[in-house]
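Reproduced below: start_0.txt, with compact mmCIF, C-alpha atoms and all ligand atoms.
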# COMPACT_ATOMS: atom_id res chain seq x y z
CA MET A 91 -9.98 10.63 -4.73
CA GLU A 92 -13.04 12.82 -4.28
CA LEU A 93 -14.53 11.36 -7.48
CA ALA A 94 -13.59 7.83 -6.42
CA GLY A 95 -15.35 8.47 -3.11
CA ARG A 96 -18.48 9.52 -4.95
CA PHE A 97 -18.38 6.35 -7.04
CA ALA A 98 -17.90 4.26 -3.88
CA GLU A 99 -20.93 5.98 -2.39
CA LEU A 100 -23.00 5.20 -5.50
CA LEU A 101 -21.97 1.54 -5.32
CA VAL A 102 -22.89 1.08 -1.67
CA THR A 103 -26.21 2.92 -2.03
CA GLU A 104 -27.82 2.58 -5.48
CA GLY A 105 -25.57 -0.33 -6.44
CA VAL A 106 -26.75 -2.37 -3.46
CA VAL A 107 -30.41 -1.29 -3.72
CA ARG A 108 -30.48 -2.30 -7.39
CA GLY A 109 -28.78 -5.61 -6.69
CA LEU A 110 -25.60 -4.82 -8.65
CA ILE A 111 -23.35 -5.59 -5.73
CA GLY A 112 -24.18 -7.62 -2.64
CA PRO A 113 -24.79 -5.85 0.67
CA ARG A 114 -21.85 -7.72 2.18
CA GLU A 115 -19.55 -5.99 -0.32
CA ALA A 116 -20.38 -2.53 1.02
CA PRO A 117 -17.90 -2.47 3.92
CA ARG A 118 -15.08 -3.76 1.71
CA VAL A 119 -15.90 -1.85 -1.45
CA TRP A 120 -12.60 0.02 -1.43
CA GLU A 121 -10.10 -2.78 -0.92
CA ARG A 122 -11.94 -5.56 -2.73
CA HIS A 123 -13.29 -3.56 -5.64
CA LEU A 124 -12.05 -0.01 -6.20
CA ILE A 125 -8.38 -0.39 -5.33
CA ASN A 126 -8.18 -3.88 -6.80
CA CYS A 127 -9.43 -2.47 -10.10
CA GLY A 128 -7.56 0.82 -9.91
CA VAL A 129 -4.13 -0.79 -9.81
CA MET A 130 -4.73 -2.21 -13.31
CA SER A 131 -4.12 1.35 -14.41
CA GLU A 132 -0.37 0.78 -14.22
CA MET A 133 -0.63 -1.55 -17.24
CA ILE A 134 -2.47 0.89 -19.49
CA PRO A 135 -0.49 3.35 -21.63
CA VAL A 136 -1.21 7.07 -21.63
CA GLY A 137 -4.03 8.08 -23.98
CA ALA A 138 -5.13 4.50 -24.69
CA SER A 139 -8.56 3.47 -25.89
CA VAL A 140 -10.08 0.90 -23.55
CA ILE A 141 -13.08 -1.42 -23.84
CA ASP A 142 -14.27 -2.85 -20.55
CA VAL A 143 -16.21 -6.04 -21.24
CA GLY A 144 -18.92 -7.05 -18.77
CA SER A 145 -18.63 -3.89 -16.71
CA GLY A 146 -21.47 -4.78 -14.35
CA ALA A 147 -21.55 -1.89 -11.90
CA GLY A 148 -18.51 -0.27 -13.53
CA LEU A 149 -15.66 -2.52 -12.45
CA PRO A 150 -13.03 -1.90 -13.58
CA GLY A 151 -14.25 0.52 -16.29
CA ILE A 152 -15.53 3.41 -14.18
CA VAL A 153 -12.67 3.09 -11.71
CA LEU A 154 -10.19 3.42 -14.56
CA ALA A 155 -12.08 6.39 -15.96
CA VAL A 156 -11.93 8.11 -12.56
CA ALA A 157 -8.24 7.37 -12.10
CA ARG A 158 -7.21 8.10 -15.68
CA PRO A 159 -8.90 11.01 -17.47
CA ASP A 160 -6.46 10.46 -20.36
CA LEU A 161 -8.20 7.21 -21.33
CA THR A 162 -11.15 6.84 -23.70
CA ILE A 163 -13.31 4.07 -22.29
CA THR A 164 -16.29 2.08 -23.58
CA LEU A 165 -18.24 0.00 -21.11
CA VAL A 166 -19.81 -3.04 -22.80
CA GLU A 167 -22.56 -4.68 -20.78
CA PRO A 168 -25.58 -6.67 -22.00
CA LEU A 169 -28.00 -6.23 -19.10
CA ALA A 170 -30.30 -3.21 -19.24
CA ARG A 171 -30.52 -2.50 -15.53
CA ARG A 172 -26.73 -2.50 -15.37
CA THR A 173 -26.30 -0.19 -18.35
CA ALA A 174 -28.92 2.12 -16.78
CA PHE A 175 -26.84 2.30 -13.61
CA LEU A 176 -23.64 2.77 -15.62
CA SER A 177 -25.11 5.63 -17.67
CA GLU A 178 -26.40 7.36 -14.56
CA ALA A 179 -23.08 6.93 -12.78
CA VAL A 180 -21.12 8.27 -15.76
CA THR A 181 -23.29 11.39 -15.84
CA ALA A 182 -23.30 11.86 -12.07
CA LEU A 183 -19.51 11.67 -11.99
CA GLY A 184 -19.07 14.00 -14.97
CA LEU A 185 -17.34 11.35 -17.07
CA ASP A 186 -19.45 11.76 -20.22
CA SER A 187 -16.60 13.18 -22.26
CA THR A 188 -14.39 10.09 -21.84
CA VAL A 189 -16.80 7.21 -21.17
CA THR A 190 -19.42 5.61 -23.44
CA VAL A 191 -21.87 2.97 -22.28
CA LEU A 192 -22.74 0.34 -24.88
CA ARG A 193 -25.44 -2.20 -24.26
CA GLY A 194 -24.55 -5.51 -25.86
CA ARG A 195 -22.53 -8.66 -25.64
CA ALA A 196 -18.84 -8.46 -26.42
CA GLU A 197 -19.18 -10.99 -29.23
CA ASP A 198 -21.88 -8.85 -30.85
CA VAL A 199 -19.96 -5.56 -30.88
CA ALA A 200 -16.86 -7.00 -32.57
CA GLY A 201 -16.34 -5.64 -36.07
CA GLY A 202 -17.86 -2.22 -35.34
CA PRO A 203 -17.08 0.78 -33.18
CA PRO A 204 -15.63 1.09 -30.54
CA ALA A 205 -13.18 -1.63 -31.64
CA PRO A 206 -10.34 -1.95 -32.25
CA ALA A 207 -9.10 -0.79 -28.86
CA ASP A 208 -5.61 -0.58 -27.46
CA VAL A 209 -6.69 -2.43 -24.33
CA VAL A 210 -9.66 -4.65 -23.48
CA THR A 211 -10.31 -5.19 -19.78
CA ALA A 212 -12.49 -7.76 -18.05
CA ARG A 213 -13.04 -8.78 -14.45
CA ALA A 214 -15.06 -11.76 -13.28
CA VAL A 215 -16.74 -12.24 -16.65
CA ALA A 216 -15.78 -15.68 -18.02
CA PRO A 217 -13.01 -18.30 -18.15
CA LEU A 218 -9.96 -17.31 -20.17
CA ASP A 219 -10.81 -19.27 -23.32
CA ARG A 220 -14.26 -17.70 -23.65
CA LEU A 221 -12.89 -14.33 -22.63
CA ALA A 222 -10.21 -14.50 -25.31
CA GLY A 223 -12.83 -15.43 -27.90
CA TRP A 224 -14.94 -12.42 -26.96
CA CYS A 225 -12.25 -9.87 -26.21
CA LEU A 226 -9.35 -10.42 -28.63
CA PRO A 227 -11.56 -9.45 -31.61
CA LEU A 228 -12.14 -6.11 -29.86
CA ALA A 229 -8.42 -5.38 -29.55
CA ALA A 230 -6.22 -3.89 -32.24
CA LEU A 231 -3.38 -6.03 -33.52
CA GLY A 232 -0.70 -5.61 -30.90
CA GLY A 233 -3.39 -4.53 -28.45
CA ARG A 234 -3.99 -6.44 -25.24
CA LEU A 235 -6.57 -8.19 -23.18
CA LEU A 236 -6.08 -7.53 -19.46
CA ALA A 237 -8.13 -10.00 -17.44
CA LEU A 238 -8.28 -9.45 -13.70
CA LYS A 239 -8.12 -12.95 -12.24
CA GLY A 240 -7.63 -14.64 -8.90
CA ALA A 241 -4.98 -16.93 -7.53
CA SER A 242 -5.84 -19.67 -10.02
CA ALA A 243 -4.67 -17.60 -13.00
CA GLU A 244 -1.74 -19.91 -13.81
CA GLU A 245 -4.00 -22.97 -13.83
CA GLU A 246 -6.46 -21.23 -16.12
CA ILE A 247 -3.63 -20.33 -18.47
CA ALA A 248 -2.37 -23.91 -18.54
CA GLU A 249 -5.86 -25.14 -19.30
CA HIS A 250 -6.62 -22.67 -22.09
CA ARG A 251 -3.23 -21.84 -23.62
CA ASP A 252 -3.85 -23.76 -26.85
CA GLU A 253 -7.28 -22.28 -27.41
CA ILE A 254 -5.96 -18.76 -26.80
CA ALA A 255 -3.22 -19.32 -29.39
CA ARG A 256 -5.82 -20.62 -31.84
CA LEU A 257 -7.78 -17.40 -31.29
CA GLY A 258 -4.77 -15.29 -32.25
CA GLY A 259 -3.52 -14.50 -28.77
CA GLY A 260 0.12 -14.55 -27.71
CA ASP A 261 1.35 -16.56 -24.78
CA PRO A 262 -0.56 -15.30 -21.71
CA THR A 263 1.51 -13.62 -19.02
CA VAL A 264 0.63 -13.16 -15.37
CA ARG A 265 1.28 -9.64 -14.11
CA LEU A 266 1.03 -8.52 -10.51
CA CYS A 267 -0.40 -5.01 -10.19
CA GLY A 268 -0.19 -2.79 -7.15
CA ALA A 269 2.83 -4.56 -5.62
CA GLY A 270 3.96 -2.49 -2.65
CA LEU A 271 0.57 -0.79 -2.53
CA ILE A 272 -1.81 -3.65 -1.83
CA ASP A 273 -1.28 -7.06 -0.31
CA PRO A 274 -1.72 -9.31 -2.14
CA PRO A 275 -1.24 -7.50 -5.44
CA ALA A 276 -3.96 -7.89 -8.09
CA THR A 277 -3.38 -10.73 -10.55
CA VAL A 278 -3.85 -9.71 -14.15
CA VAL A 279 -3.51 -12.03 -17.14
CA GLU A 280 -2.15 -10.17 -20.14
CA ILE A 281 -2.77 -11.54 -23.64
CA VAL A 282 -1.49 -9.66 -26.68
CA ARG A 283 -3.52 -9.97 -29.87
CA GLU A 284 -0.77 -11.18 -32.15
CA ARG A 285 -2.71 -12.46 -35.14
CA LEU A 286 -6.08 -11.89 -36.77
CA VAL A 287 -8.25 -14.94 -36.78
CA VAL A 288 -10.39 -14.58 -39.85
CA ALA A 289 -13.70 -16.03 -40.91
CA PRO A 290 -16.65 -16.64 -38.68
CA GLY A 291 -18.04 -20.10 -38.91
CA PRO A 292 -17.20 -23.58 -37.78
CA ARG A 293 -13.93 -23.99 -35.94
CA SER A 294 -12.60 -26.33 -38.58
CA SER A 295 -12.86 -23.59 -41.22
CA GLN A 296 -11.11 -20.90 -39.21
CA ARG A 297 -7.70 -19.86 -40.39
CA THR A 298 -5.20 -17.28 -39.31
CA ALA A 299 -4.21 -14.35 -41.43
CA ALA A 300 -1.03 -12.39 -41.76
CA GLN A 301 -0.80 -9.04 -39.98
CA GLY A 302 -3.33 -6.49 -41.18
CA ARG A 303 -6.98 -5.80 -40.60
CA SER A 304 -9.97 -6.95 -42.55
CA SER A 305 -13.52 -5.82 -41.95
CA GLY A 306 -15.67 -7.95 -39.70
CA ALA A 307 -12.73 -10.14 -38.90
CA ALA A 308 -12.48 -12.40 -35.93
CA GLY A 309 -15.76 -14.16 -36.01
CA GLY A 310 -18.05 -11.78 -34.11
CA ARG A 311 -21.61 -11.22 -35.17
CA GLY A 312 -22.31 -7.72 -36.43
CA PRO A 313 -23.73 -5.13 -34.04
CA GLY A 314 -27.03 -5.27 -35.92
CA LYS A 315 -27.63 -8.76 -34.57
CA ARG A 316 -27.41 -7.89 -30.94
CA ARG A 317 -29.56 -10.05 -28.77
CA SER A 318 -31.36 -8.23 -26.03
CA ARG A 319 -31.75 -9.69 -22.61
CA ARG A 320 -33.73 -8.63 -19.67
CA GLY A 321 -31.67 -7.07 -17.03
C1 LIG B 401 -19.91 -11.33 -12.40
S1 LIG B 401 -20.29 -9.91 -13.30
C2 LIG B 401 -18.83 -8.94 -13.10
C3 LIG B 401 -19.11 -7.48 -13.27
C4 LIG B 401 -17.88 -6.58 -13.06
N1 LIG B 401 -16.91 -6.76 -14.12
C5 LIG B 401 -17.27 -6.81 -11.70
O1 LIG B 401 -16.10 -7.21 -11.63
O2 LIG B 401 -17.95 -6.56 -10.70
C6 LIG B 401 -20.18 -10.43 -15.00
C7 LIG B 401 -20.71 -9.40 -15.96
O3 LIG B 401 -20.42 -9.82 -17.30
C8 LIG B 401 -21.54 -9.53 -18.10
N2 LIG B 401 -21.47 -10.42 -19.28
C9 LIG B 401 -21.79 -11.73 -19.35
N3 LIG B 401 -21.60 -12.18 -20.60
C10 LIG B 401 -21.15 -11.14 -21.34
C11 LIG B 401 -20.79 -10.98 -22.71
N4 LIG B 401 -20.87 -11.99 -23.58
N5 LIG B 401 -20.38 -9.77 -23.13
C12 LIG B 401 -20.29 -8.73 -22.26
N6 LIG B 401 -20.62 -8.84 -20.95
C13 LIG B 401 -21.05 -10.02 -20.50
C14 LIG B 401 -22.72 -9.79 -17.18
O4 LIG B 401 -23.90 -9.17 -17.61
C15 LIG B 401 -22.21 -9.23 -15.88
O5 LIG B 401 -22.52 -7.86 -15.72

Let's see the structure in the file written out as structure tokens.
Ligand SMILES: C[S@@+](CC[C@H](N)C(=O)[O-])C[C@H]1O[C@@H](n2cnc3c(N)ncnc32)[C@H](O)[C@@H]1O
Amino acid sequence: MELAGRFAELLVTEGVVRGLIGPREAPRVWERHLINCGVMSEMIPVGASVIDVGSGAGLPGIVLAVARPDLTITLVEPLARRTAFLSEAVTALGLDSTVTVLRGRAEDVAGGPPAPADVVTARAVAPLDRLAGWCLPLAALGGRLLALKGASAEEEIAEHRDEIARLGGGDPTVRLCGAGLIDPPATVVEIVRERLVVAPGPRSSQRTAAQGRSSGAAGGRGPGKRRSRRG
């Protein structure tokens, strides 16, 4: 809790000054951000490797690292000013031994380290179809995408179910995290990576492969082709 308090302090000071969270978030940083992210922890197995896509100011990645020192976590974030904050926060909180900050887009880091991960997390990054396209290639077969979503999770699933299946994901499941601790509980969409989707290229040429890994699978560009963006 002491470490979580220090992260909260960083968010409401440097995080606000640098425009990473809005000033109106400061008074509700615990309930709306830290606790809401922290309860995802109950869905992550002991000792798991985790990639947090689109970490922003470290949500949920740094919260999970604070709550769960058993996890190995990579924060993937394309914007430089956000990765600068993340790196500083990781060092300030003494999390360097379990957390790595990687500047890049999720779709560009697929096929190289730190993937494949046991769990890929994302909060407020993209609609489920795009998220599945970016995040499932970062998960090991049998690994999972955990997307923190709002009340419209079921509608999003209905809209994108077919595309998620085409991307190799299992049927998405809505999980409620923190029931009995927070009201309402956090809504997390869980998607297991059931199949490899091989071959980058046009959608019409994509095919699914039997269980097993192949290098550069899943249609991501290699890390060497990262685009840089101002941030
Ligand atoms: C609305 S913010 C959410 C940040 C944080 N997850 C949170 O809940 O506060 C979305 C974040 O996703 C990042 N992002 C956008 N596209 C991305 C991509 N293709 N790969 C990784 N991160 C991405 C943005 O730079 C931004 O930091």

_Expected selection as a PyMOL selection string for ligand LIG 401 (chain B) within 9 Å, all atoms listed in the file_ = chain A and resi 110-111+123+127+142-151+166-170+172-173+193-199+211-216+220-221+224-225+238+321

Just to be explicit: take each residue in the selection above, keep C-alpha atoms, and write the result as a CSV table (one decimal), in the frame of the given file.
chain,number,residue,atom,x,y,z
A,110,LEU,CA,-25.6,-4.8,-8.6
A,111,ILE,CA,-23.4,-5.6,-5.7
A,123,HIS,CA,-13.3,-3.6,-5.6
A,127,CYS,CA,-9.4,-2.5,-10.1
A,142,ASP,CA,-14.3,-2.8,-20.6
A,143,VAL,CA,-16.2,-6.0,-21.2
A,144,GLY,CA,-18.9,-7.0,-18.8
A,145,SER,CA,-18.6,-3.9,-16.7
A,146,GLY,CA,-21.5,-4.8,-14.4
A,147,ALA,CA,-21.6,-1.9,-11.9
A,148,GLY,CA,-18.5,-0.3,-13.5
A,149,LEU,CA,-15.7,-2.5,-12.4
A,150,PRO,CA,-13.0,-1.9,-13.6
A,151,GLY,CA,-14.2,0.5,-16.3
A,166,VAL,CA,-19.8,-3.0,-22.8
A,167,GLU,CA,-22.6,-4.7,-20.8
A,168,PRO,CA,-25.6,-6.7,-22.0
A,169,LEU,CA,-28.0,-6.2,-19.1
A,170,ALA,CA,-30.3,-3.2,-19.2
A,172,ARG,CA,-26.7,-2.5,-15.4
A,173,THR,CA,-26.3,-0.2,-18.4
A,193,ARG,CA,-25.4,-2.2,-24.3
A,194,GLY,CA,-24.6,-5.5,-25.9
A,195,ARG,CA,-22.5,-8.7,-25.6
A,196,ALA,CA,-18.8,-8.5,-26.4
A,197,GLU,CA,-19.2,-11.0,-29.2
A,198,ASP,CA,-21.9,-8.8,-30.8
A,199,VAL,CA,-20.0,-5.6,-30.9
A,211,THR,CA,-10.3,-5.2,-19.8
A,212,ALA,CA,-12.5,-7.8,-18.0
A,213,ARG,CA,-13.0,-8.8,-14.4
A,214,ALA,CA,-15.1,-11.8,-13.3
A,215,VAL,CA,-16.7,-12.2,-16.6
A,216,ALA,CA,-15.8,-15.7,-18.0
A,220,ARG,CA,-14.3,-17.7,-23.6
A,221,LEU,CA,-12.9,-14.3,-22.6
A,224,TRP,CA,-14.9,-12.4,-27.0
A,225,CYS,CA,-12.2,-9.9,-26.2
A,238,LEU,CA,-8.3,-9.4,-13.7
A,321,GLY,CA,-31.7,-7.1,-17.0

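From atom CA of Leu231 of chain A back to atom CA of Val136 of chain A, the distance works out to 17.8 Å.
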
*Given the choices A:Asn126, A:Thr190, A:Thr164, A:Thr181, which gets closest to Ile141 of chain A if the distance is worked out from all atoms listed in the file?*
A:Thr164

*Identify, on the basis of only C-alpha atoms, every residue whose closest approach to Ala207 of chain A does not exceed 8 Å; exclude the query and any residue fewer than 3 positions from it along the same chain; express the result as a list of chain:residue names.*
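So the residues in contact are A:Ala138, A:Ser139, A:Val140, A:Ile141, A:Pro204, A:Val210, A:Leu228, A:Ala229, A:Ala230, A:Gly233.
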
*asked:* Counting only C-alpha atoms, which residue out of A:Cys267, A:Leu165, A:Ala157, A:Ala255 sits closest to Val282 of chain A?
replied: A:Ala255

*Take the point (-20.6, 13.1, -13.8) in the file's coordinates, draw a sphere of radius 12 Å around it, and report as a PyMOL selection string every protein, DNA or RNA residue with an atom inside or on it, counting all atoms listed in the file.*
chain A and resi 93-94+96-97+100+152+155-156+176-189

Could the residues in this selection be written to a file with C-alpha atoms, as a tab-separated table (two decimals), in the coordinates of the input?
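Output saved as result.tsv:
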chain	number	residue	atom	x	y	z
A	93	LEU	CA	-14.53	11.36	-7.48
A	94	ALA	CA	-13.59	7.83	-6.42
A	96	ARG	CA	-18.48	9.52	-4.95
A	97	PHE	CA	-18.38	6.35	-7.04
A	100	LEU	CA	-23.00	5.20	-5.50
A	152	ILE	CA	-15.53	3.41	-14.18
A	155	ALA	CA	-12.08	6.39	-15.96
A	156	VAL	CA	-11.93	8.11	-12.56
A	176	LEU	CA	-23.64	2.77	-15.62
A	177	SER	CA	-25.11	5.63	-17.67
A	178	GLU	CA	-26.40	7.36	-14.56
A	179	ALA	CA	-23.08	6.93	-12.78
A	180	VAL	CA	-21.12	8.27	-15.76
A	181	THR	CA	-23.29	11.39	-15.84
A	182	ALA	CA	-23.30	11.86	-12.07
A	183	LEU	CA	-19.51	11.67	-11.99
A	184	GLY	CA	-19.07	14.00	-14.97
A	185	LEU	CA	-17.34	11.35	-17.07
A	186	ASP	CA	-19.45	11.76	-20.22
A	187	SER	CA	-16.60	13.18	-22.26
A	188	THR	CA	-14.39	10.09	-21.84
A	189	VAL	CA	-16.80	7.21	-21.17

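Take the candidates A:Val129, A:Ala241, A:Val106, A:Val209 and check each one against Gly270 of chain A using all atoms listed in the file; the shortest distance goes to A:Val129.
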
*Tell me, in Å to one decimal, how far atom CA of Pro159 of chain A is from atom CA of Gly137 of chain A.*
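Atom CA of Gly137 of chain A lies 8.6 Å from atom CA of Pro159 of chain A.
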
_One-decimal distance in Å that lies between atom CA of Ile247 of chain A and atom CA of Pro262 of chain A_ =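 Pair atom CA of Pro262 of chain A / atom CA of Ile247 of chain A returns 6.7 Å.
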